[in-house]
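Q: Before anything else, here's the structure in question.
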Amino acid sequence: QSVLTQPPSVSGAPGQRVTISCTGSSSNIGAGFDVHWYHQLPGTGPKLLIYGNGSRPSGVPDRFSGSKSGTSASLAITGLQAEDEADYYCQSYDSSLSAYVVFGGGTKLTVL
Amino acid sequence: EVQLVESGGGLVRPGGSLRLSCAASGFSFSIYSMNWVRQAPGKGLEWVSYISSGSSTIYYADSVKGRFTISRDNAKNSLYLQMNSLRAEDTAVYYCARVTSIAAARDIWGQGTMVTVSS
């Protein structure tokens with residue numbers, strides 16, 4: 001069981017908008033700790049997509065956006081493209097567990 | 001080019017040991033904290049360990065505490081993970097990742113090295 005909860009899968013047609021939720025608790029997201037998002041293509045290492053809740057690293061298209069409210073965060077992808085098909089993970093910091101760094105269980109995005 | 005390259009993975013028997021390495025290039029390794037994160041086959045990401053830039057602060061996940069040791073050599077731009085008393089559940093791809101602080105984003109990741117614990 002992951003400390004952060006994500007839907008196992010989401011899907012959308014090319015051009016559509018999809019969102020991926022990341023639900024935490026009062027000891028992580030709700031405590032004010034930042035949420036970061038990564039994506040991972042099959043057989044490759046994760047890559048940073050969104051940091052600090054809603055900031056994009058250089059090179060990440062503005063089709064990707066992040067937000068945080070209360071004990072949850074969301075990743076939105078607009079103008080869905082075939083190459084967006086990947087696994088997406090949220091990550092935060094937890095003040096109550098010795099695990100310190102916590103990840104969501106991951107969401108598989110399928111582009112129909 | 002900013003790059004992290006892991007090595008040292010392989011097949012090891014339960015109870016055995018393995019030492020992973022991560023070679024950094026293209027950035028000032030000595031000013032960054034580093035992490036190890038692992039991913040079991042078909043599973044999600046699991047944080048393993050963190051070490052600050054000067055090695056003064058080290059954290060471990062409960063699942064590896066007492067068995068794994070993280071270290072670094074800033075003169076060699078290298079990060080290490082000594083894994084002892086390995087168990088089947090340690091089987092995973094191990095990634096090293098760069099970070100500025102324990103709660104910050106892991107902004108650069110390596111390609112990973114596979115560790116298989118099996119008899």
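Each chain in the structure tokens gets a letter, A, B, ..., in the order shown, and its residues are numbered from 1; ligands are numbered from 1 in order too.
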With only C-alpha atoms considered, list every residue of chain B at most 8 Å from chain A, as a list in words.

A: Lys43, Gly44, Leu45, Glu46, Trp47, Tyr60, Ala61, Asp62, Tyr95, Ile102, Ala103, Ala104, Ala105, Arg106, Asp107, Ile108, Trp109, Gly110, Gln111 and Gly112 of chain B

Q: Do a neighbour search on Ser72 of chain A at 9 Å with only C-alpha atoms, toss out local chain neighbours closer than 2 positions, and write the hits as a PyMOL selection string.

A: chain A and resi 4+21-25+29-30+67-70+74

Q: Please, which residues of segment 63-109 of chain B, numbered as in this document, come out strand (DSSP E or B) from DSSP, as a list in words?

A: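 Going through segment 63-109 of chain B, the strand (DSSP E or B) residues come out as Phe68, Thr69, Ile70, Ser71, Arg72, Asp73, Ser78, Leu79, Tyr80, Leu81, Gln82, Met83, Ala92, Val93, Tyr94, Tyr95, Cys96, Ala97, Arg98, Val99, Ile108 and Trp109 of chain B.
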
Q: Neighbouring residues of segment 9-22 of chain B were defined as those with any atom within 9 Å, considering only C-alpha atoms; residues of the same chain fewer than 2 positions away were excluded. Please report them as a ChimeraX atom specification.

A: /B:4-7,24,77-88,93-96,110,112-119

Q: So that I can see what lies close to Tyr59 of chain B, please list as a PyMOL selection string the residues with an atom at most 12 Å from it, counting only C-alpha atoms and leaving out residues fewer than 2 positions away in the same chain.

A: (chain A and resi 97-101) or (chain B and resi 33-36+47-52+55-57+61-66+68-71+101-102)

Q: Please report the interatomic distance between atom CA of Ala23 of chain B and atom CA of Ala75 of chain B in Å with one decimal.

A: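 One can read the atom CA of Ala23 of chain B to atom CA of Ala75 of chain B distance as 11.4 Å.
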
Q: Would you work out the distance separating atom CA of Lys76 of chain B from atom CA of Phe29 of chain B, expressed in Å to one decimal?

A: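 Spanning atom CA of Lys76 of chain B to atom CA of Phe29 of chain B is a straight-line distance of 9.2 Å.
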
Q: Would you please work out which residue, of A:Ser95, A:Arg56, A:Ala76, A:Leu41, is nearest to Gly12 of chain A when using only C-alpha atoms?

A: A:Ala76

Q: Would you please work out which residue, of A:Pro7, A:Gly66, A:Gln16, A:Gly54, is nearest to Asp84 of chain A when using only C-alpha atoms?

A: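 Once distances to Asp84 of chain A are computed over only C-alpha atoms, the minimum belongs to A:Gln16.
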